[in-house]
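Q: Sending over structure_1.cif (mmCIF, C-alpha atoms and all ligand atoms).
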data_target
loop_
_atom_site.label_atom_id
_atom_site.label_comp_id
_atom_site.auth_asym_id
_atom_site.auth_seq_id
_atom_site.Cartn_x
_atom_site.Cartn_y
_atom_site.Cartn_z
CA MET A 345 0.00 0.00 0.00
CA ALA A 346 1.21 3.47 -0.87
CA ASN A 347 1.56 6.80 0.92
CA VAL A 348 -0.16 9.47 -1.14
CA CYS A 349 -0.29 13.26 -0.61
CA VAL A 350 -3.02 15.27 -2.34
CA THR A 351 -3.05 19.07 -2.16
CA GLY A 352 -6.45 20.76 -2.27
CA ALA A 353 -8.21 17.62 -1.01
CA SER A 354 -11.12 19.52 0.58
CA ARG A 355 -13.35 19.43 -2.53
CA GLY A 356 -13.50 18.79 -6.25
CA ILE A 357 -10.90 16.65 -8.01
CA GLY A 358 -8.51 16.62 -5.02
CA HIS A 359 -11.23 15.30 -2.74
CA GLY A 360 -12.03 12.66 -5.36
CA PHE A 361 -8.39 11.54 -5.48
CA ALA A 362 -8.17 11.37 -1.67
CA ARG A 363 -11.36 9.32 -1.39
CA ALA A 364 -10.37 6.94 -4.20
CA TYR A 365 -6.86 6.22 -2.84
CA LEU A 366 -8.30 5.74 0.67
CA ALA A 367 -10.87 3.29 -0.76
CA ASN A 368 -7.90 1.56 -2.40
CA GLY A 369 -6.33 0.93 1.00
CA ASP A 370 -3.61 3.57 0.73
CA THR A 371 -2.62 6.13 3.35
CA VAL A 372 -3.60 9.62 2.23
CA VAL A 373 -2.30 12.97 3.40
CA ALA A 374 -5.06 15.50 2.74
CA ALA A 375 -3.07 18.74 2.43
CA VAL A 376 -5.67 21.48 2.78
CA ARG A 377 -6.11 25.09 3.80
CA ASN A 378 -8.77 24.12 6.35
CA PRO A 379 -8.62 20.65 7.96
CA GLU A 380 -11.96 21.39 9.66
CA SER A 381 -13.80 21.72 6.34
CA ASP A 382 -16.73 19.38 5.67
CA GLY A 383 -14.87 17.56 2.88
CA VAL A 384 -11.89 16.69 5.08
CA ARG A 385 -14.07 15.73 8.04
CA ALA A 386 -15.99 13.30 5.86
CA LEU A 387 -12.72 11.59 4.83
CA VAL A 388 -11.42 11.41 8.40
CA ASP A 389 -14.76 10.10 9.70
CA GLU A 390 -14.69 7.26 7.17
CA TYR A 391 -10.95 6.49 7.17
CA ALA A 392 -9.67 7.68 10.56
CA ASP A 393 -6.75 5.23 10.55
CA ARG A 394 -5.37 6.12 7.09
CA CYS A 395 -6.38 9.73 6.38
CA ILE A 396 -3.91 12.32 7.68
CA PRO A 397 -5.23 15.87 7.40
CA VAL A 398 -2.48 18.50 7.25
CA ARG A 399 -2.95 22.25 7.09
CA MET A 400 -1.19 23.58 4.01
CA ASP A 401 -1.62 26.72 1.92
CA VAL A 402 0.49 25.96 -1.13
CA SER A 403 1.01 29.66 -1.85
CA ASP A 404 2.64 30.25 1.55
CA ALA A 405 6.23 29.02 2.06
CA ASP A 406 5.93 28.96 5.88
CA SER A 407 2.73 26.93 5.70
CA VAL A 408 4.34 24.40 3.33
CA GLU A 409 7.39 24.18 5.61
CA ARG A 410 5.24 23.48 8.68
CA ALA A 411 3.17 20.90 6.83
CA ALA A 412 6.27 19.14 5.46
CA ALA A 413 7.85 18.97 8.92
CA GLU A 414 4.61 17.46 10.25
CA LEU A 415 4.63 14.87 7.46
CA GLU A 416 8.25 13.94 8.05
CA ALA A 417 7.37 13.22 11.67
CA LYS A 418 4.49 10.94 10.62
CA LEU A 419 5.71 9.18 7.45
CA ASP A 420 8.94 7.43 6.46
CA THR A 421 8.32 7.79 2.77
CA LEU A 422 6.01 9.31 0.17
CA ASP A 423 5.13 7.32 -2.96
CA LEU A 424 2.82 9.73 -4.78
CA LEU A 425 2.43 13.51 -4.61
CA ILE A 426 -0.54 14.99 -6.46
CA ASN A 427 -0.21 18.76 -6.86
CA ASN A 428 -3.89 19.43 -7.43
CA ALA A 429 -4.69 22.66 -5.53
CA GLY A 430 -5.59 25.39 -7.97
CA VAL A 431 -7.50 28.62 -8.45
CA THR A 432 -8.80 30.55 -11.40
CA ARG A 433 -10.34 33.93 -12.26
CA PRO A 434 -13.24 34.69 -14.60
CA PRO A 435 -11.91 34.78 -18.19
CA ASP A 436 -13.58 38.13 -18.85
CA GLU A 437 -10.84 40.27 -20.42
CA GLU A 438 -12.27 42.09 -23.43
CA ARG A 439 -9.20 44.26 -24.02
CA ILE A 440 -5.57 44.27 -22.97
CA ASP A 441 -6.42 46.95 -20.37
CA ASP A 442 -8.67 44.45 -18.56
CA ILE A 443 -5.83 42.08 -17.62
CA ARG A 444 -5.38 42.43 -13.85
CA ILE A 445 -1.74 42.00 -12.87
CA ASP A 446 -2.66 41.24 -9.25
CA ASP A 447 -4.81 38.32 -10.45
CA VAL A 448 -1.96 36.99 -12.60
CA ASN A 449 0.35 37.19 -9.60
CA GLU A 450 -2.06 35.48 -7.19
CA VAL A 451 -3.03 32.65 -9.56
CA PHE A 452 0.62 32.06 -10.50
CA GLY A 453 1.46 31.87 -6.79
CA VAL A 454 -0.98 29.00 -6.26
CA ASN A 455 -1.00 27.13 -9.60
CA THR A 456 2.69 27.33 -10.54
CA LEU A 457 4.83 28.28 -7.56
CA GLY A 458 2.67 26.09 -5.27
CA PRO A 459 3.51 22.82 -7.06
CA LEU A 460 7.19 23.81 -7.26
CA ARG A 461 7.33 24.70 -3.58
CA VAL A 462 5.52 21.55 -2.43
CA SER A 463 7.42 19.19 -4.77
CA GLN A 464 10.78 20.62 -3.74
CA ARG A 465 10.01 20.48 -0.03
CA LEU A 466 8.58 16.94 -0.15
CA PHE A 467 11.30 15.56 -2.42
CA PRO A 468 13.36 14.12 0.46
CA LEU A 469 10.35 11.95 1.42
CA LEU A 470 9.76 10.98 -2.24
CA ARG A 471 13.42 9.95 -2.61
CA ARG A 472 12.85 7.30 0.05
CA SER A 473 10.17 5.56 -2.05
CA ARG A 474 11.06 2.69 -4.37
CA SER A 475 8.62 3.96 -7.02
CA ALA A 476 7.97 7.66 -6.46
CA ARG A 477 5.62 9.66 -8.67
CA VAL A 478 4.79 13.36 -8.88
CA VAL A 479 1.63 14.51 -10.65
CA MET A 480 0.85 18.08 -11.59
CA ILE A 481 -2.84 18.64 -12.27
CA SER A 482 -2.56 20.91 -15.28
CA SER A 483 -5.16 21.89 -17.88
CA ASN A 484 -5.72 22.14 -21.61
CA ALA A 485 -5.77 25.89 -20.83
CA GLY A 486 -1.98 25.58 -20.46
CA SER A 487 -1.54 24.36 -24.04
CA ILE A 488 0.02 27.27 -25.96
CA SER A 489 -0.53 25.73 -29.40
CA SER A 490 -4.28 25.20 -28.73
CA GLN A 491 -5.04 28.79 -27.73
CA GLY A 492 -7.64 30.53 -29.86
CA GLY A 493 -8.37 33.69 -27.86
CA GLY A 494 -6.91 36.17 -25.39
CA ARG A 495 -9.06 35.62 -22.33
CA GLY A 496 -8.17 33.93 -19.05
CA VAL A 497 -4.63 35.27 -18.88
CA PRO A 498 -3.98 34.49 -15.16
CA TYR A 499 -5.09 30.86 -15.39
CA CYS A 500 -3.69 30.06 -18.86
CA VAL A 501 -0.29 31.60 -18.11
CA SER A 502 -0.08 29.77 -14.79
CA LYS A 503 -0.84 26.38 -16.37
CA ALA A 504 1.47 26.91 -19.37
CA ALA A 505 4.24 27.72 -16.90
CA LEU A 506 3.29 24.66 -14.85
CA ASN A 507 3.71 22.54 -17.98
CA MET A 508 7.17 23.99 -18.61
CA LEU A 509 8.04 23.49 -14.96
CA THR A 510 6.98 19.83 -15.21
CA LYS A 511 9.11 19.35 -18.34
CA LEU A 512 12.14 20.89 -16.63
CA LEU A 513 11.60 18.90 -13.43
CA SER A 514 11.31 15.71 -15.50
CA PHE A 515 15.06 15.85 -16.18
CA HIS A 516 15.86 16.17 -12.47
CA CYS A 517 13.30 13.50 -11.62
CA ARG A 518 14.62 11.04 -14.18
CA ALA A 519 18.08 11.37 -12.67
CA GLU A 520 16.57 10.34 -9.32
CA ASN A 521 14.26 7.62 -10.74
CA VAL A 522 11.11 9.61 -9.91
CA ALA A 523 8.28 9.66 -12.49
CA ILE A 524 6.53 12.96 -13.15
CA ALA A 525 3.74 14.17 -15.46
CA ALA A 526 1.35 17.07 -15.97
CA ILE A 527 -2.19 15.74 -16.48
CA HIS A 528 -5.20 17.56 -17.94
CA PRO A 529 -8.15 16.13 -15.95
CA GLY A 530 -10.78 16.84 -18.62
CA TRP A 531 -13.69 19.20 -18.14
CA VAL A 532 -14.92 18.09 -14.73
CA ARG A 533 -18.04 19.09 -12.80
CA THR A 534 -16.57 20.94 -9.78
CA ASP A 535 -16.94 24.36 -8.14
CA MET A 536 -14.22 25.62 -10.51
CA ALA A 537 -15.71 24.36 -13.79
CA GLY A 538 -19.39 24.44 -12.83
CA PRO A 539 -22.16 21.90 -13.44
CA GLY A 540 -21.79 21.80 -17.24
CA GLY A 541 -18.56 19.76 -17.24
CA ALA A 542 -18.39 16.62 -19.35
CA LEU A 543 -17.06 14.35 -16.59
CA SER A 544 -17.93 13.59 -12.98
CA VAL A 545 -15.11 13.82 -10.45
CA GLU A 546 -15.20 10.03 -10.12
CA GLU A 547 -14.87 9.46 -13.89
CA SER A 548 -11.94 11.85 -14.20
CA VAL A 549 -10.16 10.54 -11.11
CA SER A 550 -10.53 6.83 -11.90
CA SER A 551 -9.18 7.42 -15.40
CA MET A 552 -6.24 9.51 -14.10
CA MET A 553 -5.44 6.83 -11.51
CA LYS A 554 -4.87 4.33 -14.34
CA VAL A 555 -2.57 6.84 -16.08
CA ILE A 556 -0.68 7.49 -12.83
CA GLU A 557 -0.30 3.75 -12.21
CA LYS A 558 1.54 3.41 -15.53
CA LEU A 559 3.72 6.52 -15.24
CA GLY A 560 7.39 5.91 -15.95
CA THR A 561 10.49 8.07 -16.03
CA ASP A 562 10.71 8.01 -19.84
CA GLY A 563 7.06 8.47 -20.85
CA PRO A 564 5.25 11.58 -22.14
CA VAL A 565 5.24 14.54 -19.75
CA TYR A 566 1.98 16.33 -20.72
CA VAL A 567 -1.04 14.03 -21.11
CA ASP A 568 -4.80 14.06 -20.63
CA TYR A 569 -6.86 11.98 -18.20
CA ARG A 570 -6.91 9.06 -20.67
CA GLY A 571 -3.12 9.12 -21.05
CA ASN A 572 -3.18 10.68 -24.54
CA ASP A 573 -0.41 13.14 -25.40
CA MET A 574 -1.46 16.79 -25.06
CA PRO A 575 -0.23 19.39 -27.58
CA TRP A 576 2.23 21.76 -25.94
N1 LIG A 601 -12.62 21.12 -13.09
C1 LIG A 601 -12.08 21.16 -14.28
O1 LIG A 601 -12.77 21.02 -15.33
C2 LIG A 601 -10.60 21.36 -14.45
C3 LIG A 601 -10.09 21.39 -15.75
C4 LIG A 601 -8.71 21.54 -15.93
C5 LIG A 601 -7.88 21.63 -14.80
N2 LIG A 601 -8.43 21.62 -13.55
C6 LIG A 601 -7.49 21.70 -12.42
O2 LIG A 601 -7.80 20.70 -11.47
C7 LIG A 601 -7.40 21.12 -10.16
C8 LIG A 601 -8.56 20.96 -9.20
O3 LIG A 601 -9.63 21.78 -9.66
P1 LIG A 601 -11.15 21.59 -9.21
O4 LIG A 601 -11.96 21.71 -10.44
O5 LIG A 601 -11.30 20.42 -8.31
O6 LIG A 601 -11.33 22.95 -8.40
P2 LIG A 601 -12.15 23.31 -7.05
O7 LIG A 601 -13.35 22.45 -6.94
O8 LIG A 601 -12.30 24.79 -7.09
O9 LIG A 601 -11.13 22.90 -5.89
C9 LIG A 601 -9.91 23.56 -5.76
C10 LIG A 601 -9.17 22.99 -4.58
O10 LIG A 601 -7.91 23.68 -4.47
C11 LIG A 601 -7.77 24.14 -3.13
N3 LIG A 601 -6.92 25.32 -3.03
C12 LIG A 601 -7.06 26.51 -3.66
N4 LIG A 601 -6.07 27.35 -3.31
C13 LIG A 601 -5.28 26.67 -2.43
C14 LIG A 601 -4.11 26.98 -1.71
N5 LIG A 601 -3.53 28.20 -1.80
N6 LIG A 601 -3.54 26.04 -0.91
C15 LIG A 601 -4.12 24.82 -0.80
N7 LIG A 601 -5.26 24.46 -1.44
C16 LIG A 601 -5.82 25.38 -2.25
C17 LIG A 601 -9.19 24.41 -2.66
O11 LIG A 601 -9.21 24.47 -1.25
P3 LIG A 601 -10.31 25.34 -0.41
O12 LIG A 601 -11.50 24.42 -0.20
O13 LIG A 601 -9.60 25.69 0.85
O14 LIG A 601 -10.67 26.55 -1.23
C18 LIG A 601 -9.90 23.20 -3.25
O15 LIG A 601 -9.71 22.06 -2.45
C19 LIG A 601 -6.93 22.57 -10.32
O16 LIG A 601 -5.53 22.61 -10.40
C20 LIG A 601 -7.56 22.99 -11.63
O17 LIG A 601 -6.84 24.04 -12.26
C21 LIG A 601 -9.75 21.48 -13.35
#
When written as structure tokens, how does the structure in this file appear?
Ligand SMILES: NC(=O)c1ccc[n+]([C@@H]2O[C@H](COP(=O)([O-])OP(=O)(O)OC[C@H]3O[C@@H](n4cnc5c(N)ncnc54)[C@H](OP(=O)(O)O)[C@@H]3O)[C@@H](O)[C@H]2O)c1
A:
Amino acid sequence: MANVCVTGASRGIGHGFARAYLANGDTVVAAVRNPESDGVRALVDEYADRCIPVRMDVSDADSVERAAAELEAKLDTLDLLINNAGVTRPPDEERIDDIRIDDVNEVFGVNTLGPLRVSQRLFPLLRRSRSARVVMISSNAGSISSQGGGRGVPYCVSKAALNMLTKLLSFHCRAENVAIAAIHPGWVRTDMAGPGGALSVEESVSSMMKVIEKLGTDGPVYVDYRGNDMPW
């Protein structure tokens, strides 16, 4: 059985991952901004022995440091890190003047610097696993070649940079025998995407779990929830 850490496990896709790995028999660290939230309580109520809630704001270096120290005291190793926590802003820019720099900065801090910060800080625990994997939950919004319009600058820029980060980290990871990939989860019915999404959380998560299971150190770095290559 594996030790799995999921950031943003309070709701949406992250909560789906946490629940599915717990149902699988794994130990799951639910790294969340609020361990008292309903979503986390539900996981702890059902899987008290294997769900470890940890307070972590991925945009805050001190918070990540405290959470990592707590994890190191509780776990010997980490087999899978899922950098899932993410935020967006309404893609409502009509003109270049409408792009809000503060929004770009805040979204980048969570969606891009968050996964870097968390992966770097938890790498010592990952190194102790015999088959470590790092997953970045990316988006098709981060595909530069697929872009057809100028809206959604904060989110799209953050995910494109996350893809590049994943590619760069893949060289370091390969040298340490750690598999890494950026996965587009599909259009999933969550608070972020709304009720019109094509997939339920369960459908997206179960498909991504099969992709994660097969991840190797020499496979494609940017894929969708079915494991198909994504255009950069
Ligand atoms: N849904 C889709 O169709 C879709 C498509 C492409 C990519 N994605 C990506 O999938 C991931 C999950 O999205 P979702 O749809 O499940 O969104 P969601 O329902 O809005 O959930 C977002 C999660 O991220 C957490 N979070 C936000 N900021 C955080 C921070 N600073 N530190 C720690 N946790 C933080 C939230 O925690 P709180 O409860 O504390 O707010 C929440 O658990 C994101 O990276 C998103 O970009 C989603």
Q: Using all atoms listed in the file, which residues sit within 9 Å of Ala526 of chain A once same-chain residues fewer than 5 positions away are excluded, as a short mmCIF file (atom, residue, chain, number, x, y, z; two decimals) with C-alpha atoms, keeping the file's coordinate frame?
A:
data_model
loop_
_atom_site.label_atom_id
_atom_site.label_comp_id
_atom_site.auth_asym_id
_atom_site.auth_seq_id
_atom_site.Cartn_x
_atom_site.Cartn_y
_atom_site.Cartn_z
CA VAL A 478 4.79 13.36 -8.88
CA VAL A 479 1.63 14.51 -10.65
CA MET A 480 0.85 18.08 -11.59
CA ILE A 481 -2.84 18.64 -12.27
CA SER A 482 -2.56 20.91 -15.28
CA SER A 483 -5.16 21.89 -17.88
CA LEU A 506 3.29 24.66 -14.85
CA ASN A 507 3.71 22.54 -17.98
CA THR A 510 6.98 19.83 -15.21
CA LYS A 511 9.11 19.35 -18.34
CA VAL A 565 5.24 14.54 -19.75
CA TYR A 566 1.98 16.33 -20.72
CA VAL A 567 -1.04 14.03 -21.11
CA ASP A 568 -4.80 14.06 -20.63
#
Q: May I ask for the distance between atom CA of Glu390 of chain A and atom CA of Phe467 of chain A, given in Å to one decimal place?
A: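 One can read the atom CA of Glu390 of chain A to atom CA of Phe467 of chain A distance as 28.9 Å.
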Q: Using all atoms listed in the file, which protein or nucleic acid residues come within 10 Å of Cys349 of chain A? Drop anything in the same chain fewer than 5 positions from it, and give the result as a list of chain:residue names.
A: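 Returned residues: A:Gly358, A:Phe361, A:Ala362, A:Tyr365, A:Thr371, A:Val372, A:Val373, A:Ala374, A:Ala375, A:Cys395, A:Ile396, A:Pro397, A:Val398, A:Leu415, A:Leu422, A:Asp423, A:Leu424, A:Leu425, A:Ile426, A:Asn427, A:Asn428, A:Leu466, A:Val478.
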Q: Include C-alpha atoms and write out the residues we just selected as a short mmCIF file (atom, residue, chain, number, x, y, z; two decimals), in the frame of the given file.
A:
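Final output, saved to part-v7.cif:
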data_model
loop_
_atom_site.label_atom_id
_atom_site.label_comp_id
_atom_site.auth_asym_id
_atom_site.auth_seq_id
_atom_site.Cartn_x
_atom_site.Cartn_y
_atom_site.Cartn_z
CA GLY A 358 -8.51 16.62 -5.02
CA PHE A 361 -8.39 11.54 -5.48
CA ALA A 362 -8.17 11.37 -1.67
CA TYR A 365 -6.86 6.22 -2.84
CA THR A 371 -2.62 6.13 3.35
CA VAL A 372 -3.60 9.62 2.23
CA VAL A 373 -2.30 12.97 3.40
CA ALA A 374 -5.06 15.50 2.74
CA ALA A 375 -3.07 18.74 2.43
CA CYS A 395 -6.38 9.73 6.38
CA ILE A 396 -3.91 12.32 7.68
CA PRO A 397 -5.23 15.87 7.40
CA VAL A 398 -2.48 18.50 7.25
CA LEU A 415 4.63 14.87 7.46
CA LEU A 422 6.01 9.31 0.17
CA ASP A 423 5.13 7.32 -2.96
CA LEU A 424 2.82 9.73 -4.78
CA LEU A 425 2.43 13.51 -4.61
CA ILE A 426 -0.54 14.99 -6.46
CA ASN A 427 -0.21 18.76 -6.86
CA ASN A 428 -3.89 19.43 -7.43
CA LEU A 466 8.58 16.94 -0.15
CA VAL A 478 4.79 13.36 -8.88
#
Q: Please report the interatomic distance between atom CA of Arg533 of chain A and atom O1 of ligand LIG 601 (chain A) in Å with one decimal.
A: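 Atom-to-atom, atom CA of Arg533 of chain A to atom O1 of ligand LIG 601 (chain A), that is 6.2 Å.
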Q: Counting all atoms listed in the file, name the residues that have an atom within 7 Å of an atom of ligand LIG 601 (chain A); the answer should be given as JSON, numbers by chain.
A: {"A": [351, 352, 353, 354, 355, 356, 357, 358, 359, 375, 376, 377, 378, 400, 401, 402, 403, 428, 429, 430, 431, 432, 454, 455, 481, 482, 483, 484, 528, 529, 530, 531, 532, 533, 534, 535, 536, 537, 541]}
Q: For each of A:Arg394, A:Arg472, A:Arg518, A:Arg433, take the minimum atom-to-atom distance to Ser502 of chain A, counting all atoms listed in the file, then give the residue where this is smallest.
A: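 Distance minimum relative to Ser502 of chain A lands on A:Arg433.
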Q: Which value, in Å to one decimal, gives the distance between atom CA of Cys500 of chain A and atom CA of Ala485 of chain A?
A: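 Separating atom CA of Cys500 of chain A from atom CA of Ala485 of chain A is a distance of 5.1 Å.
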Q: Please identify all polymer residues lying at most 10 Å from the point (6.0, 15.8, 3.2) (file coordinates), using all atoms listed in the file, and present the result as an MDAnalysis selection string.
A: chainID A and resid 348:349 373 375 398 408:422 425 462:470
Q: I'd like the neighbourhood of Ile440 of chain A as a list in words, where a residue qualifies if any of its atoms comes within 9 Å (using all atoms listed in the file), though same-chain residues fewer than 3 positions away should be ignored.
A: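 Final neighbour list, sorted by chain and number: Glu437, Ile443 and Gly494 of chain A.
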Q: Rank A:Ile445, A:Leu366, A:Ala542, A:Ala405 by their smallest atom-to-atom distance to Ala392 of chain A, using all atoms listed in the file, and report the top residue only.
A: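 Ranked by minimum distance to Ala392 of chain A, first place goes to A:Leu366.
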Q: So, counting only C-alpha atoms, which residue among A:Val497, A:Ala367, A:Val384, A:Leu513 is closest to Arg439 of chain A?
A: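 Closest residue, counting only C-alpha atoms: A:Val497.
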Q: When distances are computed from only C-alpha atoms, which of A:Arg495, A:Arg385, A:Arg477, A:Leu543 shows the smallest separation from Gly560 of chain A?
A: A:Arg477
